[in-house]
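J.: Input upload.cif, format and content: mmCIF, C-alpha atoms.
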```cif
data_work
#
loop_
_atom_site.label_atom_id
_atom_site.label_comp_id
_atom_site.auth_asym_id
_atom_site.auth_seq_id
_atom_site.Cartn_x
_atom_site.Cartn_y
_atom_site.Cartn_z
CA MET O 954 0.00 0.00 0.00
CA ARG O 955 1.93 2.95 -1.32
CA ASN O 956 0.43 5.90 0.45
CA PHE O 957 0.43 5.48 4.20
CA LEU O 958 2.95 6.88 6.66
CA ARG O 959 6.25 5.10 7.04
CA ARG O 960 5.44 4.63 10.73
CA ASP O 961 2.57 2.39 9.54
CA GLN O 962 4.60 0.54 6.93
CA ALA O 963 5.76 -2.24 9.24
CA THR O 964 2.18 -3.13 10.13
CA LEU O 965 0.96 -2.87 6.58
CA THR O 966 3.87 -4.76 5.09
CA GLY O 967 3.08 -7.53 7.54
CA LEU O 968 -0.31 -7.72 5.84
CA GLY O 969 1.33 -8.36 2.50
CA CYS O 970 1.25 -4.73 1.27
CA ALA O 971 4.45 -3.23 -0.09
CA PRO O 972 4.67 0.34 -1.44
CA ASP O 973 5.58 0.94 -5.05
CA GLY O 974 6.51 3.93 -7.11
CA THR O 975 3.74 3.85 -9.70
CA ILE O 976 2.91 7.32 -11.02
CA PRO O 977 -0.87 7.72 -10.68
CA SER O 978 -2.59 8.27 -13.99
CA ALA O 979 -5.15 10.42 -12.17
CA LEU O 980 -2.53 13.18 -12.05
CA LEU O 981 -2.71 13.53 -15.81
CA PRO O 982 -5.05 16.38 -16.71
CA ASP O 983 -7.13 14.31 -19.12
CA ALA O 984 -7.58 11.31 -16.86
CA LEU O 985 -10.32 12.11 -14.37
CA PRO O 986 -11.79 8.86 -13.07
CA ARG O 987 -15.54 8.50 -13.16
CA HIS O 988 -17.64 8.94 -10.04
CA ASP O 989 -15.10 11.09 -8.15
CA GLY O 990 -16.96 14.09 -6.81
CA ARG O 991 -20.07 12.94 -8.60
CA SER O 992 -22.39 14.00 -5.77
CA ALA O 993 -22.58 17.47 -7.21
CA GLY O 994 -22.17 16.48 -10.83
CA ALA O 995 -19.58 16.80 -13.56
CA ASP O 996 -19.52 17.25 -17.28
CA LYS O 997 -17.07 16.54 -20.06
CA VAL O 998 -13.91 18.46 -20.81
CA ARG O 999 -14.54 21.39 -23.13
CA ASP O 1000 -12.76 24.37 -24.53
CA HIS O 1001 -13.43 27.75 -22.99
CA PRO O 1002 -16.44 29.59 -24.38
CA GLY O 1003 -15.22 32.41 -26.57
CA HIS O 1004 -16.41 35.99 -26.52
CA ASP O 1005 -17.43 35.97 -30.16
CA GLN O 1006 -20.32 38.42 -30.07
CA ARG O 1007 -22.65 36.43 -32.28
CA SER O 1008 -22.13 33.23 -30.33
CA LEU O 1009 -22.39 34.97 -26.97
CA TRP O 1010 -25.60 36.73 -27.97
CA ARG O 1011 -27.12 33.45 -29.18
CA GLN O 1012 -26.27 31.68 -25.91
CA ALA O 1013 -27.47 34.62 -23.84
CA ALA O 1014 -30.75 34.87 -25.73
CA GLU O 1015 -31.44 31.15 -25.36
CA PHE O 1016 -30.76 31.28 -21.63
CA ILE O 1017 -32.87 34.40 -21.03
CA ALA O 1018 -35.76 32.84 -22.97
CA ASP O 1019 -35.46 29.61 -20.98
CA HIS O 1020 -35.38 31.51 -17.69
CA HIS O 1021 -38.54 33.46 -18.54
CA ARG O 1022 -40.36 30.40 -19.83
CA GLU O 1023 -39.50 28.09 -16.95
CA ASP O 1024 -38.89 30.28 -13.91
CA LEU O 1025 -41.02 33.35 -14.67
CA ALA O 1026 -44.20 31.58 -15.76
CA GLY O 1027 -43.65 32.26 -19.43
CA ALA O 1028 -43.26 36.03 -19.10
CA ASP O 1029 -42.23 37.98 -22.20
CA PRO O 1030 -38.40 38.16 -22.26
CA ALA O 1031 -38.27 41.04 -24.78
CA ARG O 1032 -37.35 43.76 -22.28
CA ARG O 1033 -34.60 41.72 -20.66
CA LEU O 1034 -33.25 40.66 -24.04
CA ALA O 1035 -33.01 44.29 -25.09
CA GLU O 1036 -31.05 45.08 -21.91
CA VAL O 1037 -28.64 42.22 -22.55
CA ARG O 1038 -28.21 43.19 -26.20
CA ALA O 1039 -27.37 46.77 -25.26
CA GLU O 1040 -24.91 45.64 -22.57
CA LEU O 1041 -23.21 43.27 -24.99
CA ASP O 1042 -22.85 46.02 -27.59
CA SER O 1043 -21.41 48.38 -24.98
CA THR O 1044 -19.08 46.12 -22.97
CA GLY O 1045 -18.64 42.87 -24.91
CA THR O 1046 -20.32 40.89 -22.13
CA TYR O 1047 -23.29 41.11 -19.78
CA ARG O 1048 -24.13 40.57 -16.11
CA HIS O 1049 -26.69 38.09 -14.87
CA THR O 1050 -29.28 39.20 -12.37
CA GLY O 1051 -29.33 37.40 -9.03
CA ASP O 1052 -32.38 35.40 -10.10
CA GLU O 1053 -30.72 34.44 -13.38
CA LEU O 1054 -27.60 33.32 -11.56
CA ALA O 1055 -29.58 31.14 -9.15
CA PHE O 1056 -31.67 29.63 -11.96
CA GLY O 1057 -28.58 28.96 -14.07
CA ALA O 1058 -26.64 27.31 -11.25
CA ARG O 1059 -29.54 25.02 -10.37
CA VAL O 1060 -30.27 24.07 -13.96
CA ALA O 1061 -26.56 23.38 -14.53
CA TRP O 1062 -26.83 20.77 -11.79
CA ARG O 1063 -29.99 19.40 -13.39
CA ASN O 1064 -28.10 19.11 -16.67
CA ALA O 1065 -25.02 17.33 -15.24
CA ASN O 1066 -24.92 14.07 -17.19
CA ARG O 1067 -22.52 12.42 -14.77
CA CYS O 1068 -24.46 13.17 -11.59
CA ILE O 1069 -26.78 10.58 -10.07
CA GLY O 1070 -28.02 12.96 -7.34
CA ARG O 1071 -29.95 15.41 -9.51
CA LEU O 1072 -33.29 14.80 -7.83
CA TYR O 1073 -32.30 17.56 -5.40
CA TRP O 1074 -31.36 20.21 -7.96
CA ARG O 1075 -33.95 22.71 -6.76
CA SER O 1076 -32.46 22.65 -3.24
CA LEU O 1077 -29.13 24.18 -4.30
CA ARG O 1078 -28.45 27.35 -2.31
CA ILE O 1079 -26.57 30.16 -4.05
CA ARG O 1080 -24.03 32.49 -2.45
CA ASP O 1081 -23.45 35.37 -4.84
CA ARG O 1082 -19.90 36.66 -4.31
CA ARG O 1083 -19.28 38.03 -7.79
CA HIS O 1084 -18.05 41.33 -6.33
CA LEU O 1085 -14.94 39.72 -4.81
CA SER O 1086 -11.68 39.67 -6.74
CA SER O 1087 -8.83 39.25 -4.24
CA ALA O 1088 -7.42 35.80 -3.50
CA GLU O 1089 -7.60 36.50 0.22
CA ASP O 1090 -11.31 37.33 0.06
CA ILE O 1091 -12.02 34.28 -2.08
CA ALA O 1092 -10.18 32.04 0.38
CA ALA O 1093 -12.20 33.47 3.28
CA GLU O 1094 -15.46 32.87 1.44
CA CYS O 1095 -14.44 29.31 0.62
CA VAL O 1096 -13.96 28.70 4.34
CA THR O 1097 -17.41 30.15 5.01
CA HIS O 1098 -18.81 27.94 2.25
CA LEU O 1099 -17.45 24.83 3.95
CA ARG O 1100 -18.88 25.81 7.32
CA GLU O 1101 -22.32 26.55 5.88
CA ALA O 1102 -22.34 23.43 3.71
CA ALA O 1103 -21.32 21.16 6.61
CA ASN O 1104 -24.21 22.46 8.71
CA GLY O 1105 -23.33 20.30 11.69
CA GLY O 1106 -23.51 17.15 9.57
CA ARG O 1107 -26.78 17.89 7.76
CA ILE O 1108 -25.00 18.65 4.49
CA ARG O 1109 -26.48 21.46 2.42
CA PRO O 1110 -26.15 21.59 -1.39
CA LEU O 1111 -24.39 24.93 -1.85
CA ILE O 1112 -22.56 26.97 -4.47
CA THR O 1113 -20.47 30.11 -4.03
CA VAL O 1114 -20.11 32.02 -7.28
CA PHE O 1115 -17.18 34.40 -7.74
CA ALA O 1116 -16.49 36.80 -10.58
CA PRO O 1117 -16.84 35.61 -14.19
CA ASP O 1118 -14.30 35.95 -16.94
CA ARG O 1119 -14.74 39.16 -18.92
CA PRO O 1120 -13.19 40.21 -22.24
CA GLY O 1121 -9.53 40.92 -21.48
CA ARG O 1122 -10.12 40.43 -17.75
CA PRO O 1123 -9.85 36.82 -16.64
CA ALA O 1124 -11.22 36.06 -13.19
CA PRO O 1125 -9.24 34.57 -10.29
CA ARG O 1126 -8.72 30.80 -10.28
CA ILE O 1127 -8.90 28.20 -7.53
CA TRP O 1128 -6.29 25.53 -8.22
CA ASN O 1129 -7.69 22.83 -5.91
CA GLU O 1130 -9.89 20.23 -7.55
CA GLN O 1131 -12.02 20.25 -4.40
CA LEU O 1132 -11.93 22.73 -1.54
CA ILE O 1133 -10.92 19.87 0.75
CA ARG O 1134 -8.25 17.52 -0.53
CA TYR O 1135 -5.66 15.39 1.27
CA ALA O 1136 -1.99 15.90 0.53
CA GLY O 1137 0.10 13.34 -1.33
CA TYR O 1138 3.76 13.49 -0.24
CA THR O 1139 6.11 11.92 -2.78
CA ALA O 1140 9.31 10.41 -1.39
CA GLU O 1141 12.59 10.13 -3.29
CA ASP O 1142 11.85 6.50 -4.08
CA GLY O 1143 8.53 7.47 -5.65
CA THR O 1144 6.28 6.20 -2.87
CA VAL O 1145 3.43 8.47 -1.84
CA THR O 1146 2.13 9.11 1.65
CA GLY O 1147 -1.47 10.27 1.46
CA ASP O 1148 -3.52 10.64 -1.70
CA PRO O 1149 -1.49 10.15 -4.91
CA ARG O 1150 -4.11 12.07 -6.86
CA ASN O 1151 -2.95 15.24 -5.14
CA ALA O 1152 0.81 14.70 -5.31
CA GLY O 1153 1.27 17.39 -7.97
CA LEU O 1154 -0.71 20.04 -6.11
CA THR O 1155 1.09 19.09 -2.89
CA ALA O 1156 4.46 19.69 -4.53
CA LEU O 1157 3.24 22.99 -5.92
CA ALA O 1158 1.97 24.11 -2.50
CA HIS O 1159 5.39 23.26 -1.03
CA SER O 1160 7.08 25.36 -3.72
CA LEU O 1161 4.82 28.29 -2.79
CA GLY O 1162 5.91 28.12 0.82
CA TRP O 1163 3.42 25.76 2.44
CA PRO O 1164 5.41 23.93 5.15
CA GLY O 1165 3.31 20.80 4.88
CA GLY O 1166 1.27 19.06 7.51
CA PRO O 1167 2.37 16.52 10.11
CA GLY O 1168 2.87 13.91 7.39
CA THR O 1169 -0.18 11.73 7.93
CA PRO O 1170 -2.12 10.10 5.10
CA PHE O 1171 -4.88 12.65 5.70
CA ASP O 1172 -3.23 16.07 5.90
CA VAL O 1173 -5.61 18.70 4.53
CA LEU O 1174 -4.08 20.72 1.69
CA PRO O 1175 -4.28 24.51 1.76
CA LEU O 1176 -6.33 26.38 -0.79
CA VAL O 1177 -4.23 27.59 -3.72
CA ILE O 1178 -5.73 30.68 -5.38
CA GLN O 1179 -4.37 32.88 -8.15
CA GLU O 1180 -5.35 36.39 -9.13
CA PRO O 1181 -4.80 37.31 -12.80
CA GLY O 1182 -1.21 38.40 -13.46
CA SER O 1183 -0.05 37.32 -9.99
CA CYS O 1184 1.57 34.30 -8.41
CA PRO O 1185 -0.74 31.75 -6.82
CA HIS O 1186 -0.89 31.93 -3.03
CA TRP O 1187 -1.78 29.31 -0.45
CA TYR O 1188 -4.27 29.73 2.36
CA PRO O 1189 -4.69 27.17 5.16
CA LEU O 1190 -8.12 25.76 5.91
CA PRO O 1191 -8.98 26.16 9.61
CA PRO O 1192 -9.51 22.73 11.20
CA GLU O 1193 -12.98 23.72 12.39
CA ALA O 1194 -14.04 24.33 8.78
CA VAL O 1195 -13.17 20.76 7.74
CA LEU O 1196 -15.78 18.31 8.97
CA GLU O 1197 -14.27 14.83 8.92
CA VAL O 1198 -15.65 11.39 9.72
CA PRO O 1199 -13.42 8.73 11.34
CA ILE O 1200 -14.03 5.39 9.65
CA GLU O 1201 -14.91 2.33 11.70
CA HIS O 1202 -16.73 -0.91 10.96
CA PRO O 1203 -19.97 -2.08 12.60
CA GLU O 1204 -18.41 -5.49 13.43
CA PHE O 1205 -14.61 -5.42 13.10
CA GLY O 1206 -12.84 -3.55 15.89
CA TRP O 1207 -9.51 -3.67 14.03
CA PHE O 1208 -10.88 -1.29 11.43
CA GLN O 1209 -10.28 1.69 13.71
CA LEU O 1210 -6.59 0.78 13.92
CA LEU O 1211 -6.21 1.74 10.25
CA GLY O 1212 -6.79 5.39 11.20
CA LEU O 1213 -8.98 6.11 8.19
CA ARG O 1214 -11.13 9.21 7.86
CA TRP O 1215 -12.75 11.25 5.13
CA HIS O 1216 -14.13 14.75 4.81
CA ALA O 1217 -17.89 15.28 4.69
CA VAL O 1218 -18.27 18.04 2.06
CA PRO O 1219 -17.31 17.17 -1.55
CA ALA O 1220 -17.01 20.75 -2.82
CA LEU O 1221 -15.80 20.74 -6.44
CA ALA O 1222 -13.78 23.86 -7.18
CA THR O 1223 -12.23 23.77 -10.66
CA MET O 1224 -15.29 23.37 -12.86
CA CYS O 1225 -16.54 26.34 -14.83
CA LEU O 1226 -20.17 27.24 -14.30
CA GLU O 1227 -21.33 28.19 -17.80
CA ILE O 1228 -24.57 30.19 -17.97
CA GLY O 1229 -25.72 31.81 -21.18
CA GLY O 1230 -22.20 31.98 -22.60
CA ILE O 1231 -20.65 33.42 -19.42
CA CYS O 1232 -17.97 31.37 -17.65
CA TYR O 1233 -17.65 31.52 -13.87
CA PRO O 1234 -14.32 29.71 -13.42
CA SER O 1235 -14.36 29.87 -9.61
CA ALA O 1236 -17.70 28.58 -8.38
CA PRO O 1237 -17.16 25.84 -5.77
CA PHE O 1238 -20.26 23.72 -5.26
CA ASN O 1239 -21.27 20.63 -3.35
CA GLY O 1240 -23.96 18.11 -2.76
CA TRP O 1241 -23.27 15.27 -0.36
CA TYR O 1242 -21.41 12.03 -0.77
CA MET O 1243 -22.70 8.74 -2.05
CA GLY O 1244 -20.84 6.17 0.02
CA THR O 1245 -19.29 4.41 -2.98
CA GLU O 1246 -17.41 7.57 -3.95
CA ILE O 1247 -15.37 7.11 -0.79
CA GLY O 1248 -15.46 3.36 -0.21
CA ALA O 1249 -15.24 2.11 -3.79
CA ARG O 1250 -13.14 4.86 -5.36
CA ASN O 1251 -11.14 7.12 -3.02
CA PHE O 1252 -10.19 4.30 -0.65
CA ALA O 1253 -10.17 1.41 -3.11
CA ASP O 1254 -8.70 2.61 -6.43
CA THR O 1255 -5.18 1.33 -6.97
CA ASP O 1256 -3.97 4.84 -7.83
CA ARG O 1257 -5.59 6.32 -4.72
CA TYR O 1258 -5.45 4.79 -1.20
CA ASP O 1259 -5.44 1.20 -2.54
CA LEU O 1260 -6.95 -0.31 0.62
CA LEU O 1261 -8.43 -3.54 -0.73
CA PRO O 1262 -5.31 -5.66 -0.04
CA VAL O 1263 -5.19 -4.29 3.52
CA ILE O 1264 -8.85 -5.05 4.18
CA GLY O 1265 -8.67 -8.44 2.47
CA ALA O 1266 -5.67 -9.49 4.54
CA ARG O 1267 -7.33 -8.37 7.75
CA LEU O 1268 -10.40 -10.40 6.82
CA GLY O 1269 -8.20 -13.47 6.39
CA LEU O 1270 -9.02 -13.84 2.72
CA ASP O 1271 -6.81 -15.59 0.18
CA LEU O 1272 -5.22 -12.70 -1.74
CA ARG O 1273 -3.39 -15.14 -4.05
CA ASP O 1274 -6.56 -16.45 -5.70
CA GLU O 1275 -8.72 -14.04 -7.68
CA ARG O 1276 -11.46 -16.69 -7.81
CA SER O 1277 -11.89 -16.31 -4.07
CA LEU O 1278 -13.36 -12.88 -4.90
CA TRP O 1279 -11.36 -11.37 -2.09
CA ARG O 1280 -11.47 -7.95 -3.77
CA ASP O 1281 -15.26 -8.03 -3.93
CA ARG O 1282 -15.64 -9.11 -0.32
CA ALA O 1283 -13.16 -6.49 0.89
CA LEU O 1284 -14.92 -3.85 -1.19
CA VAL O 1285 -18.29 -4.59 0.39
CA GLU O 1286 -16.88 -4.39 3.93
CA LEU O 1287 -15.06 -1.15 3.15
CA ASN O 1288 -18.27 0.39 1.86
CA ARG O 1289 -20.22 -0.89 4.87
CA ALA O 1290 -17.69 0.85 7.08
CA VAL O 1291 -18.11 4.16 5.27
CA LEU O 1292 -21.91 4.15 5.50
CA HIS O 1293 -21.84 3.00 9.13
CA SER O 1294 -19.33 5.68 10.10
CA PHE O 1295 -21.17 8.58 8.46
CA ASP O 1296 -24.45 7.42 10.03
CA ARG O 1297 -22.81 7.09 13.44
CA ALA O 1298 -21.35 10.60 13.13
CA GLY O 1299 -24.71 12.05 12.05
CA VAL O 1300 -23.33 13.18 8.69
CA THR O 1301 -25.39 13.04 5.49
CA VAL O 1302 -24.44 10.27 3.09
CA THR O 1303 -26.48 8.18 0.68
CA ASP O 1304 -26.12 4.62 -0.56
CA HIS O 1305 -26.01 3.55 -4.19
CA HIS O 1306 -29.18 1.48 -4.12
CA THR O 1307 -31.32 4.29 -2.71
CA GLU O 1308 -29.75 6.89 -4.97
CA SER O 1309 -30.28 4.74 -8.06
CA ARG O 1310 -34.01 4.57 -7.36
CA ARG O 1311 -34.11 8.29 -6.73
CA PHE O 1312 -32.38 8.99 -10.02
CA LEU O 1313 -35.06 7.10 -11.91
CA ALA O 1314 -37.63 9.11 -9.96
CA HIS O 1315 -35.82 12.25 -11.16
CA ILE O 1316 -36.02 11.06 -14.76
CA GLY O 1317 -39.72 10.42 -14.42
CA ARG O 1318 -40.34 13.83 -12.88
CA GLU O 1319 -38.36 15.62 -15.58
CA GLU O 1320 -40.05 13.73 -18.40
CA ARG O 1321 -43.46 14.64 -17.00
CA SER O 1322 -42.29 18.26 -17.12
CA GLY O 1323 -41.37 17.85 -20.78
CA ARG O 1324 -37.62 18.05 -20.19
CA PRO O 1325 -35.21 15.43 -21.56
CA VAL O 1326 -32.64 14.01 -19.15
CA GLY O 1327 -29.11 13.39 -20.40
CA ALA O 1328 -26.94 10.85 -18.59
CA ASP O 1329 -23.60 9.12 -18.94
CA TRP O 1330 -24.17 5.43 -18.17
CA SER O 1331 -20.55 4.87 -17.14
CA TRP O 1332 -20.92 7.46 -14.37
CA ILE O 1333 -24.54 6.88 -13.36
CA VAL O 1334 -24.08 3.16 -12.73
CA PRO O 1335 -22.43 2.77 -9.29
CA PRO O 1336 -18.89 1.36 -9.08
CA ILE O 1337 -20.08 -1.50 -6.86
CA SER O 1338 -22.98 -3.92 -7.45
CA GLY O 1339 -23.93 -2.06 -10.61
CA SER O 1340 -26.22 -4.75 -12.01
CA ALA O 1341 -28.08 -4.91 -8.69
CA THR O 1342 -29.25 -1.32 -9.15
CA PRO O 1343 -32.10 -0.24 -11.45
CA VAL O 1344 -29.98 2.34 -13.28
CA PHE O 1345 -27.91 -0.46 -14.82
CA HIS O 1346 -30.73 -1.99 -16.85
CA ARG O 1347 -31.47 0.83 -19.26
CA THR O 1348 -29.88 3.19 -21.73
CA TYR O 1349 -29.69 6.99 -21.56
CA ASP O 1350 -29.73 9.95 -23.88
CA THR O 1351 -26.19 11.34 -23.88
CA ALA O 1352 -27.16 14.78 -25.22
CA GLU O 1353 -25.70 17.64 -23.21
CA HIS O 1354 -27.66 20.71 -22.26
CA HIS O 1355 -26.86 24.18 -20.94
CA PRO O 1356 -26.33 25.79 -18.48
CA ALA O 1357 -23.62 23.34 -17.40
CA TYR O 1358 -20.70 22.64 -15.09
CA VAL O 1359 -17.71 22.11 -17.36
CA HIS O 1360 -14.16 20.83 -16.99
CA HIS O 1361 -11.65 22.98 -18.87
CA PRO O 1362 -8.22 21.49 -19.65
CA ASP O 1363 -6.32 24.38 -18.04
CA ALA O 1364 -8.30 23.96 -14.81
CA GLN O 1365 -7.52 20.25 -14.76
CA ALA O 1366 -3.84 21.03 -15.25
CA ARG O 1367 -3.90 23.40 -12.28
CA ALA O 1368 -5.62 20.82 -10.09
CA ALA O 1369 -2.79 18.40 -10.91
CA GLY O 1370 -0.20 21.06 -10.06
CA PHE O 1371 0.75 21.63 -13.68
CA GLY O 1372 -0.66 25.13 -14.14
CA SER O 1373 1.63 27.86 -15.42
CA PHE O 1374 2.81 31.17 -14.03
CA LYS O 1375 5.80 33.35 -14.80
CA ALA O 1376 9.07 33.49 -12.95
CA SER O 1377 9.35 37.10 -14.16
CA ASP O 1378 6.50 37.93 -11.79
CA GLY O 1379 8.61 36.75 -8.88
CA CYS O 1380 6.96 33.34 -8.76
CA PRO O 1381 9.01 30.30 -7.76
CA MET O 1382 10.02 27.89 -10.50
CA VAL O 1383 8.28 24.53 -10.16
#
```
What would the structure in this file look like if it were written as structure tokens?

T.:
Amino acid sequence: MRNFLRRDQATLTGLGCAPDGTIPSALLPDALPRHDGRSAGADKVRDHPGHDQRSLWRQAAEFIADHHREDLAGADPARRLAEVRAELDSTGTYRHTGDELAFGARVAWRNANRCIGRLYWRSLRIRDRRHLSSAEDIAAECVTHLREAANGGRIRPLITVFAPDRPGRPAPRIWNEQLIRYAGYTAEDGTVTGDPRNAGLTALAHSLGWPGGPGTPFDVLPLVIQEPGSCPHWYPLPPEAVLEVPIEHPEFGWFQLLGLRWHAVPALATMCLEIGGICYPSAPFNGWYMGTEIGARNFADTDRYDLLPVIGARLGLDLRDERSLWRDRALVELNRAVLHSFDRAGVTVTDHHTESRRFLAHIGREERSGRPVGADWSWIVPPISGSATPVFHRTYDTAEHHPAYVHHPDAQARAAGFGSFKASDGCPMV
């Protein structure tokens, strides 16, 4: 097991788990594994929307018409369209009203083809912080976002929207893939302590002056935020803003000895919120976790915490024989532990069977409203017991709709620690 502390290596090696130096493919910008962060939704990688006036006007007009038809009881959009047209002609862009922003953010969640939790799209709360432009202010608001979203364990779906890109004036960027991520410390021999997915951003944070945490497998990374034309800066997350759940098993007392934990708020931070042709590149948002995202992906993937051999050995299973299905049995117990621990801590989490039924209820509700539902089968079907869930046994329309949450290649590069900035600006070379 490559990513636990050296102080734990003797115990883990005794369980048949030796570290290796494999470079995790998840650090490559174009290799985002499915399901990770899916609770709030994700869409495919796209290029940035341009500021071509004709294209921007078309997208704006479509969005304004949709907003009036759906959210304003079919009111005539002519007056608002005239305002937007005049603003576009004058400034090259336009500003959404507060109601438009809220409608667009919620519908973007509704349109997220990779999200199984869209039944709750109307419950998304919007924090409009478009007036903020300094990295320090953005960091402070991200901390507030985490506190409000955690809500004492009753997780709230929440989005905080910062300034959009404007012609010739790019907005600040958050480098972290999620507001809360665990560090991945890479040793000289290539082994990683912590989460290998975040090894690149961890190295970048070190180069910016972050001293690092105590060196555990679950050290919370600082926020890395960059204002246009400036070096990125790091900002620590206060411990009280990071709600975490210690992982234990309902039957096996040894589970606690592994020292596992996971954070409660999956707040995605690098996706662009696209509404009517406007890109909000810093708009962290969250739903709540489905247990398999933690138990079947974050803990179990071989390029993440790779815990299945540890759990299988502890269960006394035969790790030499794949036909013993030791991976499957370990995976089930790991996922039981996650659900049990979140329930015991009073923190919102859902299971894949319940959420699969709810997703089909969402489809039915949307179809009765005359709205098509796009979905990516490879993301909607859970990563454990897929065929035992009702979402497995059907096909889906893969058409994408707007507004949308979108991955941009440059944002993915930053999340992996590969973003660019200039040494001439006094930035460290990385």

J.: May I have the residues within 9 Å of O:Leu1154 as a list in words, using all atoms listed in the file and disregarding those fewer than 4 positions away in the same chain?

T.: Trp1128, Asn1129, Ala1136, Gly1137, Arg1150, Ala1158, His1159, Leu1174, Val1177, Arg1367, Ala1368, Ala1369, Gly1370 and Phe1371 of chain O

J.: Once the PyMOL selection byres ((chain O and resi 1320-1325) around 10) has been evaluated on this model, what residues remain selected, and can you format them as a PDB file with C-alpha atoms, keeping the file's coordinate frame?

T.:
```pdb
ATOM      1  CA  ASN O1064     -28.100  19.110 -16.670  1.00  0.00           C
ATOM      2  CA  ALA O1314     -37.630   9.110  -9.960  1.00  0.00           C
ATOM      3  CA  HIS O1315     -35.820  12.250 -11.160  1.00  0.00           C
ATOM      4  CA  ILE O1316     -36.020  11.060 -14.760  1.00  0.00           C
ATOM      5  CA  GLY O1317     -39.720  10.420 -14.420  1.00  0.00           C
ATOM      6  CA  ARG O1318     -40.340  13.830 -12.880  1.00  0.00           C
ATOM      7  CA  GLU O1319     -38.360  15.620 -15.580  1.00  0.00           C
ATOM      8  CA  VAL O1326     -32.640  14.010 -19.150  1.00  0.00           C
ATOM      9  CA  GLY O1327     -29.110  13.390 -20.400  1.00  0.00           C
ATOM     10  CA  ALA O1328     -26.940  10.850 -18.590  1.00  0.00           C
ATOM     11  CA  ASP O1350     -29.730   9.950 -23.880  1.00  0.00           C
ATOM     12  CA  ALA O1352     -27.160  14.780 -25.220  1.00  0.00           C
ATOM     13  CA  GLU O1353     -25.700  17.640 -23.210  1.00  0.00           C
ATOM     14  CA  HIS O1354     -27.660  20.710 -22.260  1.00  0.00           C
TER      15      HIS O1354
END
```

J.: Could you jot down the atom CA of O:Asn1251 to atom CA of O:Arg1107 separation for me, Å, one decimal place?

T.: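 So the two atoms, atom CA of O:Asn1251 and atom CA of O:Arg1107, lie 21.8 Å apart.
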
J.: Please enumerate the residues selected by the PyMOL selection byres ((chain O and resi 1299-1302) around 8) when evaluated against the supplied file, formatted as a list in words.

T.: Gly1105, Gly1106, Arg1107, Ile1108, Val1198, Ala1217, Trp1241, Tyr1242, Met1243, Gly1244, Leu1292, Phe1295, Asp1296, Arg1297, Ala1298, Thr1303 and Asp1304 of chain O

J.: Can I get the selected residues back with C-alpha atoms, as a compact mmCIF listing (two decimals), keeping the file's coordinate frame?

T.:
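File written: out_9.txt
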```txt
# COMPACT_ATOMS: atom_id res chain seq x y z
CA GLY O 1105 -23.33 20.30 11.69
CA GLY O 1106 -23.51 17.15 9.57
CA ARG O 1107 -26.78 17.89 7.76
CA ILE O 1108 -25.00 18.65 4.49
CA VAL O 1198 -15.65 11.39 9.72
CA ALA O 1217 -17.89 15.28 4.69
CA TRP O 1241 -23.27 15.27 -0.36
CA TYR O 1242 -21.41 12.03 -0.77
CA MET O 1243 -22.70 8.74 -2.05
CA GLY O 1244 -20.84 6.17 0.02
CA LEU O 1292 -21.91 4.15 5.50
CA PHE O 1295 -21.17 8.58 8.46
CA ASP O 1296 -24.45 7.42 10.03
CA ARG O 1297 -22.81 7.09 13.44
CA ALA O 1298 -21.35 10.60 13.13
CA THR O 1303 -26.48 8.18 0.68
CA ASP O 1304 -26.12 4.62 -0.56
```

J.: Which is closest to O:Ile1228 among O:Gln1006, O:Ala1103, O:Tyr1358, O:Ala1088, if we use only C-alpha atoms?

T.: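 Checking each candidate against O:Ile1228, we get O:Tyr1358 as the closest.
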
J.: Could you give me, as a VMD selection string, the residues within 9 Å of stretch 1038-1045 of chain O, counting all atoms listed in the file and dropping anything in the same chain fewer than 3 positions from it?

T.: chain O and resid 1004 to 1006 1009 to 1010 1013 to 1014 1033 to 1035 1048 1119 to 1120

J.: Write a file of the selected residues as a PDB file, keeping the file's coordinate frame, keeping C-alpha atoms.

T.:
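Once everything was written out, this is selection-v1.pdb:
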```
ATOM      1  CA  HIS O1004     -16.410  35.990 -26.520  1.00  0.00           C
ATOM      2  CA  ASP O1005     -17.430  35.970 -30.160  1.00  0.00           C
ATOM      3  CA  GLN O1006     -20.320  38.420 -30.070  1.00  0.00           C
ATOM      4  CA  LEU O1009     -22.390  34.970 -26.970  1.00  0.00           C
ATOM      5  CA  TRP O1010     -25.600  36.730 -27.970  1.00  0.00           C
ATOM      6  CA  ALA O1013     -27.470  34.620 -23.840  1.00  0.00           C
ATOM      7  CA  ALA O1014     -30.750  34.870 -25.730  1.00  0.00           C
ATOM      8  CA  ARG O1033     -34.600  41.720 -20.660  1.00  0.00           C
ATOM      9  CA  LEU O1034     -33.250  40.660 -24.040  1.00  0.00           C
ATOM     10  CA  ALA O1035     -33.010  44.290 -25.090  1.00  0.00           C
ATOM     11  CA  ARG O1048     -24.130  40.570 -16.110  1.00  0.00           C
ATOM     12  CA  ARG O1119     -14.740  39.160 -18.920  1.00  0.00           C
ATOM     13  CA  PRO O1120     -13.190  40.210 -22.240  1.00  0.00           C
TER      14      PRO O1120
END
```
